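Enquirer: Here it is, the structure in full.
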Amino acid sequence: MKQAEATVISNDEIMPGVYLIRLDCLPIAPPARPGQFVMVRCGEGAEYQLRRPLSIHQLDGNKLALLFNVVGRGTQWLSQCQASDKINLLGALGNGYTIHPDSKKLLLVAGGIGIAPLVFMANEAISKGKEVTLLLGAPAAGQLYPIRLLPAGVRLVTATEDGSTGEKGLITDILPGFTGGADQVFACGPVDMYRTMARMPELKDKPAQISLEMRMGCGLGVCYGCTVKTKKGLKQVCKDGPIFELEDVIWEELADI
Ligand SMILES: Cc1cc2nc3c(=O)[nH]c(=O)nc-3n(C[C@H](O)[C@H](O)[C@H](O)COP(=O)(O)OP(=O)(O)OC[C@H]3O[C@@H](n4cnc5c(N)ncnc54)[C@H](O)[C@@H]3O)c2cc1C
Ligand code: FES
């Protein structure tokens, strides 16, 4: 893990309120894994001391991309950054998803902005010769991650809540139909999506890893602000996670952010 000064290459609003920022920075060493994140300093004054955690969306040598939703002051600041601006970040942090060597068919489940770490994951899986199916959900067609940005070779299935494209409904409505052939499931989305997944009989004996989002203070295992209860004891999302086995988290005790 190290601190890096990154230079903005481009910053585009690719969906309403969602930005794709491409950065040039020193290669993250050791090489980052899908599911890991960076802590970004989103502003310059004392009020911006707390960095914001963002998943690594794409990584290619010196080039790093982040995908973020503008929800508050930090991400608003980041959305205003322009080419050649400098951004300070810390990373790569956290554990990352783990692909078992024997797994051949991987099922990726993205709820909304949850697509952020799963594009990196899909790239990695395809480069390892895995068969990748991606279930991608959004409220409506206009909020669906652009298909042209997905890695070639991914089998894509979409669902929108209003039915404007793909299947009509939540991504968890169609998920049971795709678990059968999958050796592993990798998900990123809101806590409610995970709670639904945790109750699904189709996922009962299926290895499923999820990326847990918590408010983070330090991102380094120092402040204990991100502690969650799991069946394996108290865990810090920033250090022991953010990737956990779906079955390990005690969902009833987890507060919504
Ligand atoms: C490991 C990890 C990876 C993440 N990856 C991404 C990503 O790739 N893309 C992305 O858009 N977001 C991601 N998030 C969420 C992101 O960190 C927050 O949206 C961001 O910190 C909000 O900062 P802000 O200053 O704009 O908003 P704030 O002013 O701090 O908060 C505004 C709103 O955002 C909510 N919020 C604040 N922090 C979080 C959080 N950590 N998780 C969820 N909601 C939060 C608050 O409840 C509030 O409603 C990730 C979070 C974690 C823990
Ligand atoms: S954010 Fe400080 S310990 Fe995890």
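Every chain in the structure tokens takes a letter, A first, then B, and so on in the order presented; its residues are numbered from 1, and the ligands are numbered from 1 following the presented order.
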Which chains and residue numbers are within 7 Å of ligand 1, counting only C-alpha atoms and all ligand atoms, if I want them as a list in words?
Expert: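 Checking only C-alpha atoms and all ligand atoms against ligand 1 at 7 Å gives Phe37, Arg52, Pro53, Leu54, Ser55, Ile56, His57, Leu66, Leu67, Phe68, Asn69, Val70, Val71, Gly72, Arg73, Gly74, Thr75, Gln76, Ile113, Ala116, Pro117, Leu212, Glu213, Met214, Arg215, Met216, Cys238, Pro242 and Ile257 of chain A.
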Enquirer: For N, CA and C atoms, I'd like the residues from the last selection saved as an mmCIF file, in the first residue's frame.
Expert:
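File produced: part-v9.cif:
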```cif
data_model
loop_
_atom_site.group_PDB
_atom_site.id
_atom_site.type_symbol
_atom_site.label_atom_id
_atom_site.label_comp_id
_atom_site.auth_asym_id
_atom_site.auth_seq_id
_atom_site.Cartn_x
_atom_site.Cartn_y
_atom_site.Cartn_z
ATOM 1 N N PHE A 37 -9.736 -1.403 -3.117
ATOM 2 C CA PHE A 37 -10.178 -0.012 -3.273
ATOM 3 C C PHE A 37 -9.038 0.950 -2.975
ATOM 4 N N ARG A 52 -12.187 9.369 0.829
ATOM 5 C CA ARG A 52 -13.371 8.583 0.445
ATOM 6 C C ARG A 52 -12.929 7.279 -0.219
ATOM 7 N N PRO A 53 -13.528 6.156 0.204
ATOM 8 C CA PRO A 53 -13.167 4.876 -0.428
ATOM 9 C C PRO A 53 -13.869 4.688 -1.774
ATOM 10 N N LEU A 54 -13.112 4.323 -2.785
ATOM 11 C CA LEU A 54 -13.689 4.009 -4.103
ATOM 12 C C LEU A 54 -13.009 2.761 -4.651
ATOM 13 N N SER A 55 -13.821 1.863 -5.199
ATOM 14 C CA SER A 55 -13.296 0.606 -5.743
ATOM 15 C C SER A 55 -12.482 0.866 -6.995
ATOM 16 N N ILE A 56 -11.519 0.014 -7.215
ATOM 17 C CA ILE A 56 -10.770 0.102 -8.478
ATOM 18 C C ILE A 56 -11.665 -0.464 -9.581
ATOM 19 N N HIS A 57 -11.919 0.363 -10.572
ATOM 20 C CA HIS A 57 -12.864 -0.012 -11.639
ATOM 21 C C HIS A 57 -12.139 -0.670 -12.810
ATOM 22 N N LEU A 66 -11.730 4.971 -11.903
ATOM 23 C CA LEU A 66 -12.696 4.861 -10.811
ATOM 24 C C LEU A 66 -14.061 5.243 -11.366
ATOM 25 N N LEU A 67 -15.090 4.592 -10.871
ATOM 26 C CA LEU A 67 -16.465 4.907 -11.286
ATOM 27 C C LEU A 67 -17.201 5.340 -10.032
ATOM 28 N N PHE A 68 -17.768 6.544 -10.040
ATOM 29 C CA PHE A 68 -18.396 6.983 -8.790
ATOM 30 C C PHE A 68 -19.690 7.748 -9.022
ATOM 31 N N ASN A 69 -20.549 7.571 -8.028
ATOM 32 C CA ASN A 69 -21.839 8.227 -7.958
ATOM 33 C C ASN A 69 -21.651 9.515 -7.163
ATOM 34 N N VAL A 70 -22.192 10.623 -7.624
ATOM 35 C CA VAL A 70 -22.095 11.862 -6.845
ATOM 36 C C VAL A 70 -23.208 11.837 -5.797
ATOM 37 N N VAL A 71 -22.789 11.684 -4.518
ATOM 38 C CA VAL A 71 -23.788 11.585 -3.439
ATOM 39 C C VAL A 71 -23.613 12.677 -2.385
ATOM 40 N N GLY A 72 -22.430 13.278 -2.286
ATOM 41 C CA GLY A 72 -22.165 14.272 -1.237
ATOM 42 C C GLY A 72 -21.007 15.163 -1.634
ATOM 43 N N ARG A 73 -20.454 15.831 -0.615
ATOM 44 C CA ARG A 73 -19.455 16.861 -0.887
ATOM 45 C C ARG A 73 -18.176 16.310 -1.535
ATOM 46 N N GLY A 74 -17.717 15.154 -1.055
ATOM 47 C CA GLY A 74 -16.474 14.594 -1.573
ATOM 48 C C GLY A 74 -16.580 14.196 -3.035
ATOM 49 N N THR A 75 -17.605 13.442 -3.353
ATOM 50 C CA THR A 75 -17.771 12.989 -4.738
ATOM 51 C C THR A 75 -18.156 14.158 -5.658
ATOM 52 N N GLN A 76 -18.801 15.173 -5.094
ATOM 53 C CA GLN A 76 -19.097 16.386 -5.884
ATOM 54 C C GLN A 76 -17.782 17.053 -6.288
ATOM 55 N N ILE A 113 -24.474 1.092 -8.974
ATOM 56 C CA ILE A 113 -23.057 1.485 -8.986
ATOM 57 C C ILE A 113 -22.162 0.320 -8.552
ATOM 58 N N ALA A 116 -19.004 -1.068 -10.226
ATOM 59 C CA ALA A 116 -17.661 -0.463 -10.129
ATOM 60 C C ALA A 116 -16.521 -1.489 -10.012
ATOM 61 N N PRO A 117 -16.520 -2.386 -9.022
ATOM 62 C CA PRO A 117 -15.391 -3.331 -8.958
ATOM 63 C C PRO A 117 -15.530 -4.508 -9.915
ATOM 64 N N LEU A 212 -18.659 -5.323 0.701
ATOM 65 C CA LEU A 212 -19.441 -4.601 1.713
ATOM 66 C C LEU A 212 -19.012 -3.140 1.781
ATOM 67 N N GLU A 213 -19.993 -2.249 1.709
ATOM 68 C CA GLU A 213 -19.679 -0.822 1.809
ATOM 69 C C GLU A 213 -20.055 -0.308 3.181
ATOM 70 N N MET A 214 -19.099 0.300 3.846
ATOM 71 C CA MET A 214 -19.344 0.929 5.143
ATOM 72 C C MET A 214 -18.737 2.315 5.091
ATOM 73 N N ARG A 215 -19.236 3.190 5.943
ATOM 74 C CA ARG A 215 -18.564 4.484 6.082
ATOM 75 C C ARG A 215 -17.176 4.216 6.650
ATOM 76 N N MET A 216 -16.167 4.840 6.086
ATOM 77 C CA MET A 216 -14.795 4.573 6.535
ATOM 78 C C MET A 216 -14.116 5.846 7.000
ATOM 79 N N CYS A 238 -12.406 -2.437 6.132
ATOM 80 C CA CYS A 238 -11.300 -1.891 5.326
ATOM 81 C C CYS A 238 -10.109 -2.839 5.251
ATOM 82 N N PRO A 242 -12.918 -5.369 1.810
ATOM 83 C CA PRO A 242 -14.379 -5.305 1.857
ATOM 84 C C PRO A 242 -15.078 -6.559 1.339
ATOM 85 N N ILE A 257 -26.276 1.993 5.752
ATOM 86 C CA ILE A 257 -25.450 3.197 5.816
ATOM 87 C C ILE A 257 -26.326 4.436 5.766
#
```
Enquirer: Which of stretch 13-206 of chain A counts as helix (DSSP H, G or I) under DSSP, as a PyMOL selection string please?
Expert: chain A and resi 46-48+73-79+112-127+141-143+147-149+171-178+191-198+201-203
Enquirer: Keeping only N, CA and C atoms, write those residues as a compact mmCIF listing (two decimals), in the first residue's frame.
Expert:
```
# COMPACT_ATOMS: atom_id res chain seq x y z
N ALA A 46 -9.10 21.48 5.46
CA ALA A 46 -9.11 20.58 6.62
C ALA A 46 -10.37 19.73 6.65
N GLU A 47 -11.47 20.27 6.13
CA GLU A 47 -12.74 19.52 6.17
C GLU A 47 -12.72 18.32 5.23
N TYR A 48 -11.69 18.22 4.39
CA TYR A 48 -11.58 17.07 3.47
C TYR A 48 -10.52 16.08 3.92
N ARG A 73 -20.45 15.83 -0.61
CA ARG A 73 -19.45 16.86 -0.89
C ARG A 73 -18.18 16.31 -1.54
N GLY A 74 -17.72 15.15 -1.06
CA GLY A 74 -16.47 14.59 -1.57
C GLY A 74 -16.58 14.20 -3.04
N THR A 75 -17.60 13.44 -3.35
CA THR A 75 -17.77 12.99 -4.74
C THR A 75 -18.16 14.16 -5.66
N GLN A 76 -18.80 15.17 -5.09
CA GLN A 76 -19.10 16.39 -5.88
C GLN A 76 -17.78 17.05 -6.29
N TRP A 77 -16.86 17.15 -5.32
CA TRP A 77 -15.54 17.75 -5.60
C TRP A 77 -14.83 16.95 -6.69
N LEU A 78 -14.88 15.62 -6.55
CA LEU A 78 -14.18 14.76 -7.51
C LEU A 78 -14.77 14.91 -8.93
N SER A 79 -16.09 15.12 -8.97
CA SER A 79 -16.74 15.24 -10.29
C SER A 79 -16.29 16.51 -11.04
N GLY A 112 -26.75 -1.53 -9.61
CA GLY A 112 -26.45 -0.10 -9.76
C GLY A 112 -24.96 0.17 -9.84
N ILE A 113 -24.47 1.09 -8.97
CA ILE A 113 -23.06 1.49 -8.99
C ILE A 113 -22.16 0.32 -8.55
N GLY A 114 -22.78 -0.76 -8.10
CA GLY A 114 -22.05 -1.98 -7.75
C GLY A 114 -21.28 -2.57 -8.93
N ILE A 115 -21.52 -2.07 -10.12
CA ILE A 115 -20.72 -2.50 -11.27
C ILE A 115 -19.26 -2.06 -11.11
N ALA A 116 -19.00 -1.07 -10.23
CA ALA A 116 -17.66 -0.46 -10.13
C ALA A 116 -16.52 -1.49 -10.01
N PRO A 117 -16.52 -2.39 -9.02
CA PRO A 117 -15.39 -3.33 -8.96
C PRO A 117 -15.53 -4.51 -9.91
N LEU A 118 -16.74 -4.72 -10.45
CA LEU A 118 -16.97 -5.95 -11.21
C LEU A 118 -16.47 -5.89 -12.65
N VAL A 119 -16.20 -4.68 -13.17
CA VAL A 119 -15.61 -4.59 -14.51
C VAL A 119 -14.15 -5.06 -14.45
N PHE A 120 -13.43 -4.60 -13.42
CA PHE A 120 -12.05 -5.07 -13.19
C PHE A 120 -12.08 -6.59 -13.00
N MET A 121 -13.04 -7.06 -12.23
CA MET A 121 -13.18 -8.50 -11.95
C MET A 121 -13.43 -9.29 -13.24
N ALA A 122 -14.32 -8.77 -14.08
CA ALA A 122 -14.65 -9.46 -15.34
C ALA A 122 -13.41 -9.54 -16.24
N ASN A 123 -12.66 -8.44 -16.31
CA ASN A 123 -11.43 -8.42 -17.12
C ASN A 123 -10.45 -9.48 -16.65
N GLU A 124 -10.26 -9.52 -15.34
CA GLU A 124 -9.31 -10.47 -14.75
C GLU A 124 -9.76 -11.91 -15.02
N ALA A 125 -11.07 -12.16 -14.82
CA ALA A 125 -11.59 -13.52 -14.99
C ALA A 125 -11.45 -13.97 -16.44
N ILE A 126 -11.75 -13.08 -17.38
CA ILE A 126 -11.66 -13.43 -18.80
C ILE A 126 -10.20 -13.70 -19.17
N SER A 127 -9.29 -12.87 -18.63
CA SER A 127 -7.86 -13.09 -18.94
C SER A 127 -7.37 -14.42 -18.38
N ALA A 141 -33.31 2.21 -18.01
CA ALA A 141 -32.31 2.05 -19.08
C ALA A 141 -31.23 3.14 -19.03
N GLY A 142 -31.63 4.38 -18.75
CA GLY A 142 -30.68 5.50 -18.74
C GLY A 142 -29.66 5.41 -17.62
N GLN A 143 -29.90 4.55 -16.65
CA GLN A 143 -28.97 4.42 -15.52
C GLN A 143 -28.16 3.12 -15.58
N ILE A 147 -22.83 -0.57 -22.16
CA ILE A 147 -22.38 -1.91 -22.57
C ILE A 147 -21.03 -1.83 -23.31
N ARG A 148 -20.81 -0.70 -24.04
CA ARG A 148 -19.56 -0.57 -24.81
C ARG A 148 -18.33 -0.56 -23.90
N LEU A 149 -18.50 -0.29 -22.61
CA LEU A 149 -17.36 -0.25 -21.69
C LEU A 149 -17.07 -1.59 -21.03
N ILE A 171 -32.50 -7.09 -9.86
CA ILE A 171 -31.52 -8.09 -10.32
C ILE A 171 -31.67 -9.38 -9.51
N THR A 172 -32.10 -9.24 -8.24
CA THR A 172 -32.29 -10.43 -7.41
C THR A 172 -33.51 -11.25 -7.86
N ASP A 173 -34.42 -10.62 -8.65
CA ASP A 173 -35.56 -11.39 -9.17
C ASP A 173 -35.10 -12.41 -10.21
N ILE A 174 -34.07 -12.03 -10.99
CA ILE A 174 -33.63 -12.95 -12.06
C ILE A 174 -32.47 -13.84 -11.62
N LEU A 175 -31.81 -13.44 -10.53
CA LEU A 175 -30.62 -14.19 -10.08
C LEU A 175 -30.84 -15.70 -9.91
N PRO A 176 -31.96 -16.16 -9.29
CA PRO A 176 -32.12 -17.60 -9.08
C PRO A 176 -32.02 -18.42 -10.37
N GLY A 177 -32.38 -17.83 -11.49
CA GLY A 177 -32.34 -18.54 -12.77
C GLY A 177 -30.93 -18.75 -13.31
N PHE A 178 -29.94 -18.12 -12.69
CA PHE A 178 -28.58 -18.19 -13.24
C PHE A 178 -27.57 -18.85 -12.30
N VAL A 191 -26.91 -3.11 0.47
CA VAL A 191 -27.06 -4.12 1.54
C VAL A 191 -28.37 -4.90 1.37
N ASP A 192 -29.43 -4.23 0.93
CA ASP A 192 -30.70 -4.94 0.74
C ASP A 192 -30.58 -6.07 -0.29
N MET A 193 -29.76 -5.83 -1.30
CA MET A 193 -29.54 -6.86 -2.32
C MET A 193 -28.86 -8.07 -1.66
N TYR A 194 -27.89 -7.81 -0.80
CA TYR A 194 -27.19 -8.92 -0.12
C TYR A 194 -28.13 -9.65 0.83
N ARG A 195 -29.00 -8.88 1.51
CA ARG A 195 -29.93 -9.53 2.45
C ARG A 195 -30.84 -10.49 1.69
N THR A 196 -31.30 -10.05 0.51
CA THR A 196 -32.15 -10.93 -0.31
C THR A 196 -31.36 -12.15 -0.76
N MET A 197 -30.11 -11.92 -1.17
CA MET A 197 -29.28 -13.04 -1.62
C MET A 197 -29.05 -14.05 -0.49
N ALA A 198 -28.85 -13.52 0.72
CA ALA A 198 -28.56 -14.40 1.86
C ALA A 198 -29.73 -15.32 2.18
N PRO A 201 -32.59 -19.80 -1.40
CA PRO A 201 -32.20 -21.22 -1.33
C PRO A 201 -31.20 -21.58 -2.44
N GLU A 202 -31.29 -20.91 -3.59
CA GLU A 202 -30.41 -21.23 -4.73
C GLU A 202 -28.94 -20.92 -4.41
N LEU A 203 -28.71 -20.06 -3.41
CA LEU A 203 -27.32 -19.69 -3.09
C LEU A 203 -26.82 -20.39 -1.82
```
Enquirer: Mind dumping a table of every stretch 204-236 of chain A residue within 9 Å of stretch 96-101 of chain A, with the nearest atom pair and its distance in Å to one decimal, using only C-alpha atoms, sorted by chain and rising number, as a tab-separated table?
Expert:
```
residue	atom	partner	partner_atom	distance
A:Gln209	CA	A:Tyr97	CA	7.0
A:Ile210	CA	A:Tyr97	CA	8.2
A:Ser211	CA	A:Tyr97	CA	8.3
```
Enquirer: Taking only C-alpha atoms and all ligand atoms and a cut-off of 7 Å, can you tell me which residues surround ligand 2, written as a ChimeraX atom specification?
Expert: /A:216-227,236-239
Enquirer: Would you list the contacts of A:Leu108 as a list of chain:residue names, taking every protein, DNA or RNA residue within 8 Å and counting only C-alpha atoms, but skipping same-chain residues closer than 5 positions in sequence?
Expert: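 Counting only C-alpha atoms, the residues come to A:Leu118, A:Ala122, A:Val132, A:Thr133, A:Leu134, A:Leu135, A:Val185, A:Phe186, A:Ala187.
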Enquirer: Go ahead and save the residues from that selection, with N, CA and C atoms, as a short mmCIF file (atom, residue, chain, number, x, y, z; two decimals), in the first residue's frame.
Expert:
```cif
data_model
loop_
_atom_site.label_atom_id
_atom_site.label_comp_id
_atom_site.auth_asym_id
_atom_site.auth_seq_id
_atom_site.Cartn_x
_atom_site.Cartn_y
_atom_site.Cartn_z
N LEU A 118 -16.74 -4.72 -10.45
CA LEU A 118 -16.97 -5.95 -11.21
C LEU A 118 -16.47 -5.89 -12.65
N ALA A 122 -14.32 -8.77 -14.08
CA ALA A 122 -14.65 -9.46 -15.34
C ALA A 122 -13.41 -9.54 -16.24
N VAL A 132 -17.66 -15.90 -18.09
CA VAL A 132 -18.24 -14.88 -17.20
C VAL A 132 -19.64 -14.48 -17.64
N THR A 133 -20.61 -14.62 -16.72
CA THR A 133 -21.96 -14.09 -16.95
C THR A 133 -22.14 -12.92 -15.99
N LEU A 134 -22.58 -11.78 -16.52
CA LEU A 134 -22.78 -10.59 -15.68
C LEU A 134 -24.27 -10.24 -15.65
N LEU A 135 -24.84 -10.22 -14.46
CA LEU A 135 -26.21 -9.74 -14.28
C LEU A 135 -26.10 -8.29 -13.84
N VAL A 185 -20.03 -17.11 -7.23
CA VAL A 185 -20.81 -15.89 -7.45
C VAL A 185 -20.04 -14.73 -6.82
N PHE A 186 -19.97 -13.60 -7.53
CA PHE A 186 -19.31 -12.39 -7.02
C PHE A 186 -20.30 -11.24 -7.17
N ALA A 187 -20.57 -10.55 -6.06
CA ALA A 187 -21.61 -9.52 -6.12
C ALA A 187 -21.12 -8.20 -5.55
#
```
Enquirer: May I have all residues of stretch 12-132 of chain A that DSSP, computed from the backbone, assigns to strand (DSSP E), given as a PyMOL selection string?
Expert: chain A and resi 12-15+18-24+37-40+52-55+58-60+63-69+86-93+105-111+131-132
Enquirer: Go ahead and dump the residues you just picked, N, CA and C atoms, as a short mmCIF file (atom, residue, chain, number, x, y, z; two decimals), in the first residue's frame.
Expert:
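Final file, part_35.cif:
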```
data_model
loop_
_atom_site.label_atom_id
_atom_site.label_comp_id
_atom_site.auth_asym_id
_atom_site.auth_seq_id
_atom_site.Cartn_x
_atom_site.Cartn_y
_atom_site.Cartn_z
N ASP A 12 -15.48 11.92 -17.08
CA ASP A 12 -16.71 12.05 -17.89
C ASP A 12 -17.94 11.57 -17.14
N GLU A 13 -19.02 12.31 -17.29
CA GLU A 13 -20.30 11.87 -16.72
C GLU A 13 -20.90 10.87 -17.70
N ILE A 14 -20.79 9.58 -17.38
CA ILE A 14 -21.21 8.56 -18.35
C ILE A 14 -22.67 8.15 -18.18
N MET A 15 -23.24 8.49 -17.02
CA MET A 15 -24.68 8.31 -16.76
C MET A 15 -25.04 9.48 -15.87
N VAL A 18 -23.17 9.96 -12.52
CA VAL A 18 -22.13 8.92 -12.37
C VAL A 18 -20.95 9.27 -13.28
N TYR A 19 -19.77 9.32 -12.67
CA TYR A 19 -18.57 9.74 -13.39
C TYR A 19 -17.56 8.61 -13.51
N LEU A 20 -16.87 8.62 -14.66
CA LEU A 20 -15.75 7.70 -14.87
C LEU A 20 -14.50 8.56 -14.96
N ILE A 21 -13.66 8.45 -13.93
CA ILE A 21 -12.44 9.25 -13.92
C ILE A 21 -11.26 8.33 -14.21
N ARG A 22 -10.45 8.74 -15.19
CA ARG A 22 -9.25 7.97 -15.55
C ARG A 22 -8.04 8.71 -15.03
N LEU A 23 -7.16 7.96 -14.38
CA LEU A 23 -6.02 8.57 -13.71
C LEU A 23 -4.72 7.93 -14.18
N ASP A 24 -3.70 8.74 -14.20
CA ASP A 24 -2.35 8.25 -14.46
C ASP A 24 -1.61 8.30 -13.14
N PHE A 37 -9.74 -1.40 -3.12
CA PHE A 37 -10.18 -0.01 -3.27
C PHE A 37 -9.04 0.95 -2.97
N VAL A 38 -9.27 2.21 -3.30
CA VAL A 38 -8.32 3.27 -2.95
C VAL A 38 -9.05 4.29 -2.08
N MET A 39 -8.30 4.97 -1.22
CA MET A 39 -8.86 6.06 -0.42
C MET A 39 -8.42 7.36 -1.10
N VAL A 40 -9.41 8.14 -1.52
CA VAL A 40 -9.13 9.33 -2.33
C VAL A 40 -9.33 10.58 -1.49
N ARG A 52 -12.19 9.37 0.83
CA ARG A 52 -13.37 8.58 0.44
C ARG A 52 -12.93 7.28 -0.22
N PRO A 53 -13.53 6.16 0.20
CA PRO A 53 -13.17 4.88 -0.43
C PRO A 53 -13.87 4.69 -1.77
N LEU A 54 -13.11 4.32 -2.78
CA LEU A 54 -13.69 4.01 -4.10
C LEU A 54 -13.01 2.76 -4.65
N SER A 55 -13.82 1.86 -5.20
CA SER A 55 -13.30 0.61 -5.74
C SER A 55 -12.48 0.87 -6.99
N GLN A 58 -10.99 -0.10 -13.14
CA GLN A 58 -10.15 -0.68 -14.19
C GLN A 58 -8.71 -0.40 -13.83
N LEU A 59 -7.83 -1.28 -14.23
CA LEU A 59 -6.41 -1.07 -13.94
C LEU A 59 -5.61 -1.60 -15.12
N ASP A 60 -4.70 -0.76 -15.62
CA ASP A 60 -3.87 -1.18 -16.73
C ASP A 60 -2.52 -0.46 -16.60
N LYS A 63 -2.36 3.19 -15.57
CA LYS A 63 -3.70 3.79 -15.74
C LYS A 63 -4.71 3.12 -14.81
N LEU A 64 -5.41 3.99 -14.09
CA LEU A 64 -6.37 3.51 -13.10
C LEU A 64 -7.69 4.24 -13.37
N ALA A 65 -8.79 3.53 -13.33
CA ALA A 65 -10.09 4.20 -13.50
C ALA A 65 -10.98 3.94 -12.29
N LEU A 66 -11.73 4.97 -11.90
CA LEU A 66 -12.70 4.86 -10.81
C LEU A 66 -14.06 5.24 -11.37
N LEU A 67 -15.09 4.59 -10.87
CA LEU A 67 -16.46 4.91 -11.29
C LEU A 67 -17.20 5.34 -10.03
N PHE A 68 -17.77 6.54 -10.04
CA PHE A 68 -18.40 6.98 -8.79
C PHE A 68 -19.69 7.75 -9.02
N ASN A 69 -20.55 7.57 -8.03
CA ASN A 69 -21.84 8.23 -7.96
C ASN A 69 -21.65 9.51 -7.16
N LYS A 86 -4.32 17.21 -10.18
CA LYS A 86 -3.65 16.17 -9.36
C LYS A 86 -4.59 15.69 -8.27
N ILE A 87 -4.56 14.38 -8.00
CA ILE A 87 -5.40 13.81 -6.94
C ILE A 87 -4.52 12.90 -6.08
N ASN A 88 -4.70 13.02 -4.77
CA ASN A 88 -3.90 12.20 -3.86
C ASN A 88 -4.70 10.96 -3.45
N LEU A 89 -4.12 9.80 -3.63
CA LEU A 89 -4.84 8.59 -3.21
C LEU A 89 -3.91 7.60 -2.51
N LEU A 90 -4.56 6.71 -1.79
CA LEU A 90 -3.87 5.71 -0.96
C LEU A 90 -4.39 4.35 -1.40
N GLY A 91 -3.48 3.44 -1.71
CA GLY A 91 -3.99 2.12 -2.10
C GLY A 91 -2.90 1.27 -2.72
N ALA A 92 -3.25 0.11 -3.13
CA ALA A 92 -4.57 -0.51 -3.07
C ALA A 92 -4.81 -1.11 -1.67
N LEU A 93 -6.06 -1.03 -1.23
CA LEU A 93 -6.43 -1.45 0.12
C LEU A 93 -7.45 -2.59 0.08
N LYS A 105 -16.94 -21.37 -14.38
CA LYS A 105 -18.05 -20.47 -14.73
C LYS A 105 -18.31 -19.53 -13.56
N LEU A 106 -18.17 -18.24 -13.84
CA LEU A 106 -18.35 -17.24 -12.78
C LEU A 106 -19.59 -16.41 -13.06
N LEU A 107 -20.36 -16.17 -12.01
CA LEU A 107 -21.55 -15.33 -12.12
C LEU A 107 -21.30 -14.04 -11.36
N LEU A 108 -21.36 -12.91 -12.08
CA LEU A 108 -21.14 -11.60 -11.47
C LEU A 108 -22.49 -10.90 -11.35
N VAL A 109 -22.76 -10.31 -10.18
CA VAL A 109 -24.06 -9.69 -9.93
C VAL A 109 -23.84 -8.24 -9.51
N ALA A 110 -24.28 -7.30 -10.36
CA ALA A 110 -24.04 -5.89 -10.09
C ALA A 110 -25.36 -5.15 -9.90
N GLY A 111 -25.53 -4.54 -8.73
CA GLY A 111 -26.70 -3.70 -8.49
C GLY A 111 -26.28 -2.24 -8.57
N GLU A 131 -15.34 -18.42 -17.85
CA GLU A 131 -16.58 -18.05 -18.54
C GLU A 131 -17.34 -17.10 -17.60
N VAL A 132 -17.66 -15.90 -18.09
CA VAL A 132 -18.24 -14.88 -17.20
C VAL A 132 -19.64 -14.48 -17.64
#
```
Enquirer: Can you work out the spacing between atom CA of A:Asn11 and atom CA of A:Pro190 in Å, to one decimal?
Expert: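 Going from atom CA of A:Asn11 over to atom CA of A:Pro190 covers 24.7 Å.
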Enquirer: With only C-alpha atoms as the atoms that count, which of A:Gly61, A:Ala138, A:Gly181, A:Gly43 lies nearest to A:Gly163?
Expert: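 Ranked by minimum distance to A:Gly163, first place goes to A:Ala138.
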Enquirer: Quick one, how far is atom CA of A:Asp162 from atom CA of A:Pro146?
Expert: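 Separation of atom CA of A:Asp162 and atom CA of A:Pro146: 17.6 Å.
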Enquirer: Using Å and a single decimal, report how far atom CA of A:Lys204 sits from atom CA of A:Thr158.
Expert: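 We find that atom CA of A:Thr158 and atom CA of A:Lys204 lie 23.4 Å from each other.
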Enquirer: Excluding same-chain residues fewer than 3 positions from A:Asn95, what lies within 8 Å of it counting only C-alpha atoms, as an mmCIF file with C-alpha atoms, in the first residue's frame?
Expert:
```cif
data_model
loop_
_atom_site.group_PDB
_atom_site.id
_atom_site.type_symbol
_atom_site.label_atom_id
_atom_site.label_comp_id
_atom_site.auth_asym_id
_atom_site.auth_seq_id
_atom_site.Cartn_x
_atom_site.Cartn_y
_atom_site.Cartn_z
ATOM 1 C CA ARG A 33 -6.700 -7.225 -7.240
ATOM 2 C CA GLY A 35 -12.405 -5.843 -5.254
ATOM 3 C CA GLN A 36 -9.648 -3.734 -3.708
ATOM 4 C CA LYS A 239 -8.695 -4.461 6.359
ATOM 5 C CA ASP A 240 -10.424 -7.871 6.572
ATOM 6 C CA GLY A 241 -12.792 -6.942 3.713
ATOM 7 C CA PRO A 242 -14.379 -5.305 1.857
ATOM 8 C CA ILE A 243 -14.941 -8.757 0.332
#
```
Enquirer: Find the residue from A:Gly137, A:Val154, A:Met200, A:Ala182 that sits nearest to A:Gly169; use only C-alpha atoms when measuring.
Expert: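 Nearest candidate to A:Gly169 out of A:Gly137, A:Val154, A:Met200, A:Ala182: A:Gly137.
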Enquirer: Which one of A:Ile9, A:Ala208, A:Leu150, A:Ile250 sits closest to A:Thr179 if you count only C-alpha atoms?
Expert: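 Checking each candidate against A:Thr179, we get A:Ala208 as the closest.
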